[in-house]
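Novice: Have a peek at entry.cif (mmCIF, C-alpha atoms).
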```cif
data_target
#
loop_
_atom_site.label_atom_id
_atom_site.label_comp_id
_atom_site.auth_asym_id
_atom_site.auth_seq_id
_atom_site.Cartn_x
_atom_site.Cartn_y
_atom_site.Cartn_z
CA MET A 598 -176.20 -182.12 -68.22
CA GLN A 599 -175.45 -178.67 -69.62
CA ILE A 600 -172.50 -176.53 -68.56
CA GLY A 601 -172.72 -172.74 -68.59
CA ALA A 602 -171.08 -169.61 -67.23
CA MET A 603 -172.19 -166.25 -65.85
CA ASN A 604 -171.77 -162.89 -67.53
CA HIS A 605 -169.72 -160.20 -65.83
CA PRO A 606 -172.18 -157.34 -65.09
CA GLY A 607 -169.41 -154.82 -65.63
CA HIS A 608 -169.08 -155.84 -69.29
CA ASP A 609 -171.33 -155.52 -72.31
CA VAL A 610 -174.01 -158.24 -72.23
CA LEU A 611 -173.92 -159.04 -75.93
CA GLN A 612 -170.13 -159.41 -75.85
CA GLN A 613 -170.49 -161.72 -72.87
CA ILE A 614 -172.95 -163.87 -74.81
CA GLU A 615 -170.38 -164.11 -77.62
CA TRP A 616 -167.72 -165.10 -75.10
CA VAL A 617 -169.88 -167.87 -73.59
CA ALA A 618 -170.65 -169.19 -77.06
CA ASP A 619 -166.97 -169.11 -78.02
CA MET A 620 -166.18 -171.17 -74.90
CA GLY A 621 -168.39 -173.92 -76.30
CA LEU A 622 -170.82 -173.75 -73.37
CA GLY A 623 -174.50 -174.61 -73.50
CA PHE A 624 -176.06 -171.62 -71.75
CA ILE A 625 -175.44 -168.30 -70.09
CA ASP A 626 -176.35 -167.68 -66.46
CA LEU A 627 -177.49 -164.12 -67.09
CA THR A 628 -177.15 -161.91 -64.04
CA LEU A 629 -179.09 -158.65 -64.23
CA GLU A 630 -176.98 -156.19 -62.29
CA PRO A 631 -175.63 -152.69 -62.90
CA PRO A 632 -173.61 -151.15 -64.32
CA MET A 633 -173.75 -152.89 -67.74
CA ALA A 634 -176.43 -155.53 -67.19
CA ALA A 635 -179.05 -153.59 -65.25
CA SER A 636 -182.60 -154.84 -65.71
CA TRP A 637 -183.76 -151.37 -66.83
CA LYS A 638 -180.89 -150.97 -69.31
CA VAL A 639 -180.44 -154.23 -71.24
CA ASP A 640 -181.80 -154.60 -74.77
CA ARG A 641 -184.16 -157.56 -74.44
CA THR A 642 -184.68 -158.05 -78.16
CA ALA A 643 -180.95 -157.98 -78.89
CA ILE A 644 -180.26 -160.48 -76.11
CA ARG A 645 -182.98 -162.83 -77.33
CA ASN A 646 -181.66 -162.63 -80.88
CA ALA A 647 -178.07 -163.25 -79.75
CA LEU A 648 -179.12 -166.30 -77.73
CA GLN A 649 -181.00 -167.69 -80.72
CA LYS A 650 -178.10 -166.96 -83.06
CA HIS A 651 -175.69 -168.95 -80.89
CA ARG A 652 -178.28 -171.55 -79.84
CA LEU A 653 -177.57 -170.79 -76.19
CA GLY A 654 -179.90 -171.52 -73.31
CA VAL A 655 -180.35 -169.02 -70.50
CA VAL A 656 -180.89 -169.19 -66.74
CA GLY A 657 -181.92 -166.05 -64.84
CA HIS A 658 -179.81 -164.63 -62.01
CA THR A 659 -180.56 -161.57 -59.88
CA ALA A 660 -178.30 -159.33 -57.80
CA PHE A 661 -177.14 -161.06 -54.62
CA TYR A 662 -177.43 -157.85 -52.59
CA LEU A 663 -181.11 -157.03 -53.03
CA PRO A 664 -182.57 -156.10 -49.60
CA ILE A 665 -185.67 -158.30 -49.81
CA ALA A 666 -185.88 -158.52 -46.00
CA SER A 667 -185.05 -154.91 -45.19
CA GLY A 668 -186.35 -153.46 -41.96
CA ILE A 669 -187.33 -150.37 -43.96
CA GLU A 670 -190.54 -151.40 -45.70
CA GLU A 671 -190.20 -149.02 -48.64
CA ILE A 672 -186.76 -150.47 -49.42
CA ARG A 673 -188.08 -154.03 -49.24
CA ARG A 674 -190.87 -153.12 -51.67
CA ALA A 675 -188.35 -151.50 -54.01
CA ALA A 676 -186.40 -154.77 -54.07
CA LEU A 677 -189.62 -156.56 -55.04
CA VAL A 678 -190.13 -154.05 -57.87
CA GLU A 679 -186.64 -154.90 -59.16
CA LEU A 680 -187.29 -158.64 -58.96
CA ARG A 681 -190.52 -158.25 -60.92
CA ARG A 682 -188.67 -156.24 -63.55
CA CYS A 683 -186.13 -159.06 -63.77
CA VAL A 684 -189.01 -161.48 -64.33
CA ASP A 685 -190.17 -159.30 -67.22
CA VAL A 686 -186.72 -159.42 -68.83
CA PHE A 687 -186.26 -163.15 -68.34
CA ALA A 688 -189.72 -163.94 -69.66
CA GLU A 689 -188.99 -161.97 -72.82
CA ILE A 690 -185.61 -163.60 -73.50
CA GLY A 691 -186.81 -167.13 -72.79
CA ALA A 692 -185.46 -167.98 -69.32
CA ARG A 693 -187.64 -170.52 -67.54
CA TRP A 694 -186.03 -170.09 -64.09
CA MET A 695 -184.74 -167.14 -62.10
CA ASN A 696 -182.84 -167.23 -58.83
CA VAL A 697 -183.23 -165.09 -55.72
CA HIS A 698 -180.77 -164.79 -52.84
CA PRO A 699 -182.20 -164.78 -49.31
CA ASP A 700 -181.54 -161.57 -47.41
CA ARG A 701 -180.11 -161.78 -43.91
CA HIS A 702 -179.05 -158.15 -43.44
CA ALA A 703 -181.61 -156.51 -41.19
CA PRO A 704 -179.59 -154.90 -38.39
CA MET A 705 -181.21 -154.85 -34.94
CA HIS A 706 -183.73 -157.49 -36.03
CA ASP A 707 -183.74 -161.18 -35.15
CA ARG A 708 -183.85 -164.19 -37.47
CA LYS A 709 -187.60 -164.53 -37.16
CA PHE A 710 -188.00 -161.05 -38.63
CA PHE A 711 -185.79 -161.49 -41.70
CA VAL A 712 -187.12 -164.98 -42.41
CA GLN A 713 -190.66 -163.60 -42.40
CA LYS A 714 -189.71 -160.69 -44.65
CA ASN A 715 -188.00 -163.06 -47.10
CA ARG A 716 -191.20 -165.08 -47.18
CA GLU A 717 -193.32 -161.99 -47.80
CA THR A 718 -191.19 -160.87 -50.72
CA LEU A 719 -190.96 -164.34 -52.26
CA GLY A 720 -194.65 -164.95 -51.66
CA ALA A 721 -195.51 -161.80 -53.57
CA LEU A 722 -193.02 -162.58 -56.36
CA LEU A 723 -194.03 -166.17 -57.07
CA PRO A 724 -197.51 -165.56 -58.55
CA TYR A 725 -196.22 -162.66 -60.66
CA ALA A 726 -193.41 -164.85 -62.04
CA ALA A 727 -195.81 -167.74 -62.68
CA GLN A 728 -198.08 -165.46 -64.71
CA HIS A 729 -195.08 -164.71 -66.93
CA GLY A 730 -193.93 -168.32 -67.25
CA VAL A 731 -190.85 -167.95 -65.06
CA GLY A 732 -190.12 -170.17 -62.07
CA VAL A 733 -188.37 -168.78 -58.99
CA MET A 734 -185.66 -170.65 -57.10
CA VAL A 735 -183.79 -169.75 -53.93
CA GLU A 736 -180.02 -170.14 -53.55
CA ASN A 737 -178.30 -171.47 -50.43
CA LEU A 738 -175.94 -168.94 -48.88
CA PRO A 739 -173.12 -169.34 -46.34
CA GLY A 740 -174.23 -168.53 -42.83
CA ASP A 741 -177.94 -168.18 -42.28
CA PHE A 742 -179.33 -170.20 -45.22
CA ASN A 743 -176.91 -173.05 -45.84
CA THR A 744 -178.53 -176.07 -44.18
CA ALA A 745 -181.71 -177.97 -44.90
CA ARG A 746 -183.22 -176.71 -41.67
CA ASP A 747 -182.46 -173.06 -42.36
CA LEU A 748 -183.35 -173.05 -46.05
CA GLY A 749 -186.45 -175.04 -45.19
CA GLU A 750 -187.82 -171.97 -43.42
CA LEU A 751 -188.29 -170.55 -46.91
CA LEU A 752 -188.91 -173.68 -48.96
CA ASP A 753 -191.44 -175.42 -46.72
CA PRO A 754 -194.09 -172.65 -46.62
CA LEU A 755 -193.61 -171.87 -50.34
CA PRO A 756 -194.01 -175.16 -52.23
CA GLU A 757 -193.75 -173.45 -55.66
CA LEU A 758 -190.25 -172.20 -54.80
CA GLY A 759 -187.42 -174.20 -56.37
CA LEU A 760 -183.98 -175.02 -54.97
CA HIS A 761 -180.91 -173.47 -56.55
CA LEU A 762 -178.01 -175.45 -55.12
CA ASP A 763 -174.66 -173.69 -54.89
CA ILE A 764 -172.12 -176.44 -54.18
CA GLY A 765 -169.33 -173.99 -53.43
CA HIS A 766 -171.45 -172.16 -50.85
CA ALA A 767 -172.35 -175.49 -49.24
CA ASN A 768 -168.66 -175.83 -48.30
CA LEU A 769 -168.51 -172.54 -46.36
CA LEU A 770 -169.11 -171.83 -42.66
CA VAL A 771 -170.15 -175.44 -42.02
CA ALA A 772 -168.47 -178.37 -40.30
CA HIS A 773 -168.89 -180.38 -43.49
CA SER A 774 -170.53 -179.79 -46.85
CA SER A 775 -174.30 -179.43 -46.71
CA VAL A 776 -174.86 -180.72 -50.28
CA GLU A 777 -176.01 -184.15 -49.13
CA GLU A 778 -178.54 -182.88 -46.58
CA LEU A 779 -179.93 -180.23 -48.94
CA LEU A 780 -180.46 -182.82 -51.66
CA ALA A 781 -181.90 -185.35 -49.23
CA ALA A 782 -184.48 -182.81 -48.08
CA TYR A 783 -185.19 -180.90 -51.29
CA GLY A 784 -183.62 -182.79 -54.19
CA ALA A 785 -187.02 -183.14 -55.84
CA ARG A 786 -187.16 -179.34 -56.07
CA LEU A 787 -183.66 -178.86 -57.49
CA ARG A 788 -183.79 -176.61 -60.54
CA HIS A 789 -180.23 -175.36 -61.09
CA VAL A 790 -176.68 -175.76 -59.76
CA HIS A 791 -173.68 -173.49 -59.25
CA LEU A 792 -170.25 -175.11 -58.99
CA HIS A 793 -166.92 -173.58 -58.00
CA ASP A 794 -164.13 -174.34 -55.54
CA ASN A 795 -162.92 -172.77 -52.30
CA LYS A 796 -160.92 -173.70 -49.22
CA GLY A 797 -163.71 -173.77 -46.65
CA GLY A 798 -164.00 -171.24 -43.86
CA GLY A 799 -165.77 -168.05 -44.81
CA ALA A 800 -164.00 -167.01 -48.02
CA ASP A 801 -166.20 -167.42 -51.11
CA LEU A 802 -163.23 -167.62 -53.49
CA HIS A 803 -164.87 -168.94 -56.69
CA LEU A 804 -161.75 -170.89 -57.64
CA PRO A 805 -161.26 -173.27 -60.58
CA LEU A 806 -162.35 -176.83 -59.85
CA GLY A 807 -159.75 -178.96 -58.11
CA THR A 808 -157.88 -176.08 -56.50
CA GLY A 809 -159.69 -176.10 -53.15
CA THR A 810 -161.41 -178.48 -50.75
CA VAL A 811 -164.81 -178.89 -52.43
CA ASP A 812 -165.49 -182.56 -53.13
CA VAL A 813 -166.49 -182.08 -56.76
CA ARG A 814 -166.70 -185.77 -57.61
CA GLY A 815 -168.73 -186.48 -54.49
CA ALA A 816 -171.13 -183.67 -55.36
CA ILE A 817 -171.55 -185.03 -58.89
CA ARG A 818 -172.25 -188.47 -57.46
CA LEU A 819 -174.95 -187.00 -55.20
CA LEU A 820 -176.52 -185.01 -58.04
CA LYS A 821 -176.72 -188.07 -60.25
CA SER A 822 -178.09 -190.19 -57.41
CA HIS A 823 -181.01 -187.75 -57.19
CA GLY A 824 -181.62 -187.99 -60.92
CA TYR A 825 -180.32 -184.51 -61.73
CA ASP A 826 -179.24 -183.97 -65.33
CA GLY A 827 -179.84 -180.24 -65.75
CA THR A 828 -177.87 -177.01 -65.90
CA ILE A 829 -174.62 -176.41 -63.98
CA THR A 830 -173.04 -172.97 -63.96
CA LEU A 831 -169.29 -172.85 -63.44
CA GLU A 832 -168.84 -169.77 -61.25
CA VAL A 833 -165.09 -169.64 -61.78
CA PHE A 834 -164.20 -165.98 -61.38
CA THR A 835 -160.65 -165.49 -62.63
CA PRO A 836 -159.36 -163.19 -65.39
CA ASP A 837 -157.79 -166.12 -67.28
CA PRO A 838 -160.37 -168.01 -69.39
CA HIS A 839 -158.12 -171.07 -69.36
CA HIS A 840 -159.22 -171.68 -65.76
CA LEU A 841 -162.84 -171.85 -66.89
CA ALA A 842 -161.95 -174.08 -69.84
CA TYR A 843 -160.06 -176.45 -67.53
CA SER A 844 -162.98 -176.56 -65.09
CA ARG A 845 -165.41 -177.18 -67.96
CA ASP A 846 -163.40 -180.14 -69.22
CA LEU A 847 -162.88 -181.53 -65.72
CA LEU A 848 -166.59 -181.34 -64.92
CA GLN A 849 -167.54 -183.00 -68.20
CA ARG A 850 -165.04 -185.83 -67.64
CA MET A 851 -166.09 -186.43 -64.04
CA TRP A 852 -169.76 -186.39 -65.01
CA GLU A 853 -169.20 -189.01 -67.69
CA GLU A 854 -167.10 -191.17 -65.35
CA GLU A 855 -169.65 -191.31 -62.55
CA PRO A 856 -172.34 -193.99 -63.03
CA VAL A 857 -176.00 -193.16 -62.63
CA THR A 858 -177.22 -194.70 -59.37
CA VAL A 859 -180.56 -193.08 -58.56
CA SER A 860 -181.55 -193.29 -54.90
CA PRO A 861 -184.80 -195.19 -54.21
#
```
Go ahead and render the structure in this file as structure tokens.
Specialist:
Amino acid sequence: MQIGAMNHPGHDVLQQIEWVADMGLGFIDLTLEPPMAASWKVDRTAIRNALQKHRLGVVGHTAFYLPIASGIEEIRRAALVELRRCVDVFAEIGARWMNVHPDRHAPMHDRKFFVQKNRETLGALLPYAAQHGVGVMVENLPGDFNTARDLGELLDPLPELGLHLDIGHANLLVAHSSVEELLAAYGARLRHVHLHDNKGGGADLHLPLGTGTVDVRGAIRLLKSHGYDGTITLEVFTPDPHHLAYSRDLLQRMWEEEPVTVSP
């Protein structure tokens, strides 16, 4: 298992890589977003060199607000252009996987519409990404894409699409965490994990581990039972780096304490 953190897109990317390395983490979850980490602005060669210098891995992350299911077709196509440009960047810096967030903001349209538009965008993106050696994974989001049934509307018709499991999101706007059902249905397609804490309800707080109601140890047990031993990004968004360091150490300790009991 490798622990990483995400860059702040409002800060210089190369400085953020230095910060992640100084934290003793194994990879950076590189989000390509303006103003400082825009896909059309970043220096790909400098990023690749910095990652190699610090022996850091990299996972690709795209802006959560891209309108990939927009009811305005030209806007949806523009979002696809941005995602393809992100693929280009990630391919050049050595990222093997890139995430995409489902879009559920299509006012005056029903679920059938925005599910279909998500499929169209992802269906067009997948072969382009594959040609460049980058896999695409979809992240569960509170609300419309946070259960196996709902996320399955995207995963089932697109078998090349991977699962990006956000454990913090799985604790929001649900009666109980959806981690177990998502892994039971799509654990074989799990490619990456986000981990952070919150207090349930609808507030995506991104708290340090152990400060909310997310069952971190239970989630680790489920991950290990499905044979997962990959990358976990700590999405702990506080100005004090000690909170991230504490969460890093807690995750590492819990991971080592939990035995491996792979489900049949």
Novice: Which residues of stretch 712-768 of chain A sit at most 10 Å from stretch 687-706 of chain A, using all atoms listed in the file? Give each one's shortest atom pair and distance in Å (one decimal place), in chain and ascending residue order, as a tab-separated table.
Specialist:
```
residue	atom	partner	partner_atom	distance
A:Val712	CA	A:Arg701	CA	7.9
A:Lys714	CA	A:Asp700	CA	8.7
A:Asn715	CA	A:Pro699	CA	6.4
A:Arg716	CA	A:Pro699	CA	9.3
A:Thr718	CA	A:Pro699	CA	9.9
A:Leu719	CA	A:Val697	CA	8.5
A:Ala726	CA	A:Ala688	CA	8.5
A:Ala727	CA	A:Arg693	CA	9.9
A:Gln728	CA	A:Ala688	CA	9.8
A:His729	CA	A:Ala688	CA	6.1
A:Gly730	CA	A:Ala688	CA	6.5
A:Val731	CA	A:Arg693	CA	4.8
A:Gly732	CA	A:Trp694	CA	4.6
A:Val733	CA	A:Met695	CA	5.1
A:Met734	CA	A:Asn696	CA	4.8
A:Val735	CA	A:Val697	CA	5.0
A:Glu736	CA	A:His698	CA	5.4
A:Asn737	CA	A:His698	CA	7.5
A:Leu738	CA	A:His698	CA	7.5
A:Gly740	CA	A:Arg701	CA	9.0
A:Asp741	CA	A:Arg701	CA	7.0
A:Phe742	CA	A:Pro699	CA	7.4
A:Leu748	CA	A:Pro699	CA	9.0
A:Leu751	CA	A:Pro699	CA	8.7
A:Leu758	CA	A:Asn696	CA	9.8
A:Gly759	CA	A:Asn696	CA	8.7
A:Leu760	CA	A:Asn696	CA	8.8
A:His761	CA	A:Asn696	CA	6.9
```
Novice: At most 12 Å is the cut-off: for each residue in stretch 725-795 of chain A with any atom that close to an atom of stretch 619-627 of chain A, write down the nearest atom pair and the distance in Å rounded to one decimal, counting all atoms listed in the file, chain first then increasing number, as a Markdown table.
Specialist:
```
| residue | atom | partner | partner_atom | distance |
| --- | --- | --- | --- | --- |
| A:His789 | CA | A:Asp626 | CA | 10.1 |
| A:Val790 | CA | A:Asp626 | CA | 10.5 |
| A:His791 | CA | A:Asp626 | CA | 9.6 |
```
Novice: Hey, which of A:Val655, A:Ala634, A:Ala666, A:Leu780 ends up closest to A:Glu717? Count all atoms listed in the file.
Specialist: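 Of A:Val655, A:Ala634, A:Ala666, A:Leu780, the one nearest A:Glu717 is A:Ala666, counting all atoms listed in the file.
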Novice: Between atom CA of A:Leu677 and atom CA of A:Leu663, what is the distance, to one decimal in Å?
Specialist: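 The value is 8.8 Å.
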Novice: Figure out the distance between atom CA of A:Ser636 and atom CA of A:Ala675, please, to one decimal in Å.
Specialist: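 It comes out at 13.5 Å.
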Novice: Where's the centre, and what are the edge lengths in Å to one decimal, of a box along x, y and z enclosing all listed atoms of stretch 677-686 of chain A padded 5 Å per side, as lines of an AutoDock Vina configuration file?
Specialist:
```
center_x = -188.3
center_y = -157.8
center_z = -61.9
size_x = 14.4
size_y = 17.4
size_z = 23.8
```
Novice: Step by step, work through what the PyMOL selection byres ((chain A and resi 768-778) around 12) selects in the shown file, and finish by giving those residues as a compact mmCIF listing (two decimals) with C-alpha atoms, keeping the file's coordinate frame.
Specialist:
```
# COMPACT_ATOMS: atom_id res chain seq x y z
CA ASN A 737 -178.30 -171.47 -50.43
CA LEU A 738 -175.94 -168.94 -48.88
CA PRO A 739 -173.12 -169.34 -46.34
CA GLY A 740 -174.23 -168.53 -42.83
CA ASP A 741 -177.94 -168.18 -42.28
CA PHE A 742 -179.33 -170.20 -45.22
CA ASN A 743 -176.91 -173.05 -45.84
CA THR A 744 -178.53 -176.07 -44.18
CA ALA A 745 -181.71 -177.97 -44.90
CA ARG A 746 -183.22 -176.71 -41.67
CA ASP A 747 -182.46 -173.06 -42.36
CA LEU A 748 -183.35 -173.05 -46.05
CA GLY A 749 -186.45 -175.04 -45.19
CA LEU A 760 -183.98 -175.02 -54.97
CA HIS A 761 -180.91 -173.47 -56.55
CA LEU A 762 -178.01 -175.45 -55.12
CA ASP A 763 -174.66 -173.69 -54.89
CA ILE A 764 -172.12 -176.44 -54.18
CA GLY A 765 -169.33 -173.99 -53.43
CA HIS A 766 -171.45 -172.16 -50.85
CA ALA A 767 -172.35 -175.49 -49.24
CA LEU A 779 -179.93 -180.23 -48.94
CA LEU A 780 -180.46 -182.82 -51.66
CA ALA A 781 -181.90 -185.35 -49.23
CA ALA A 782 -184.48 -182.81 -48.08
CA TYR A 783 -185.19 -180.90 -51.29
CA GLY A 784 -183.62 -182.79 -54.19
CA LEU A 787 -183.66 -178.86 -57.49
CA VAL A 790 -176.68 -175.76 -59.76
CA HIS A 791 -173.68 -173.49 -59.25
CA LEU A 792 -170.25 -175.11 -58.99
CA HIS A 793 -166.92 -173.58 -58.00
CA ASP A 794 -164.13 -174.34 -55.54
CA ASN A 795 -162.92 -172.77 -52.30
CA LYS A 796 -160.92 -173.70 -49.22
CA GLY A 797 -163.71 -173.77 -46.65
CA GLY A 798 -164.00 -171.24 -43.86
CA GLY A 799 -165.77 -168.05 -44.81
CA ALA A 800 -164.00 -167.01 -48.02
CA ASP A 801 -166.20 -167.42 -51.11
CA LEU A 802 -163.23 -167.62 -53.49
CA HIS A 803 -164.87 -168.94 -56.69
CA GLY A 809 -159.69 -176.10 -53.15
CA THR A 810 -161.41 -178.48 -50.75
CA VAL A 811 -164.81 -178.89 -52.43
CA ASP A 812 -165.49 -182.56 -53.13
CA VAL A 813 -166.49 -182.08 -56.76
CA GLY A 815 -168.73 -186.48 -54.49
CA ALA A 816 -171.13 -183.67 -55.36
CA ILE A 817 -171.55 -185.03 -58.89
CA ARG A 818 -172.25 -188.47 -57.46
CA LEU A 819 -174.95 -187.00 -55.20
CA LEU A 820 -176.52 -185.01 -58.04
CA LYS A 821 -176.72 -188.07 -60.25
CA SER A 822 -178.09 -190.19 -57.41
CA HIS A 823 -181.01 -187.75 -57.19
```
Novice: Find the distance between atom CA of A:Ala618 and atom CA of A:Asn646 and write it in Å to one decimal.
Specialist: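 Going from atom CA of A:Ala618 over to atom CA of A:Asn646, I get 13.4 Å.
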Novice: Written as a CSV table (one decimal) with C-alpha atoms, in the frame of the given file, what is the full residue list that the PyMOL selection byres ((chain A and resi 845-857) around 8) yields on the file shown?
Specialist:
```
chain,number,residue,atom,x,y,z
A,600,ILE,CA,-172.5,-176.5,-68.6
A,806,LEU,CA,-162.4,-176.8,-59.8
A,814,ARG,CA,-166.7,-185.8,-57.6
A,817,ILE,CA,-171.6,-185.0,-58.9
A,818,ARG,CA,-172.2,-188.5,-57.5
A,821,LYS,CA,-176.7,-188.1,-60.2
A,822,SER,CA,-178.1,-190.2,-57.4
A,824,GLY,CA,-181.6,-188.0,-60.9
A,831,LEU,CA,-169.3,-172.8,-63.4
A,841,LEU,CA,-162.8,-171.8,-66.9
A,842,ALA,CA,-162.0,-174.1,-69.8
A,843,TYR,CA,-160.1,-176.4,-67.5
A,844,SER,CA,-163.0,-176.6,-65.1
A,858,THR,CA,-177.2,-194.7,-59.4
A,859,VAL,CA,-180.6,-193.1,-58.6
```
Novice: When distances are computed from only C-alpha atoms, which of A:Val656, A:Ala602, A:Val617, A:Val686 shows the smallest separation from A:Val639?
Specialist: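 Smallest separation from A:Val639 among the options: A:Val686.
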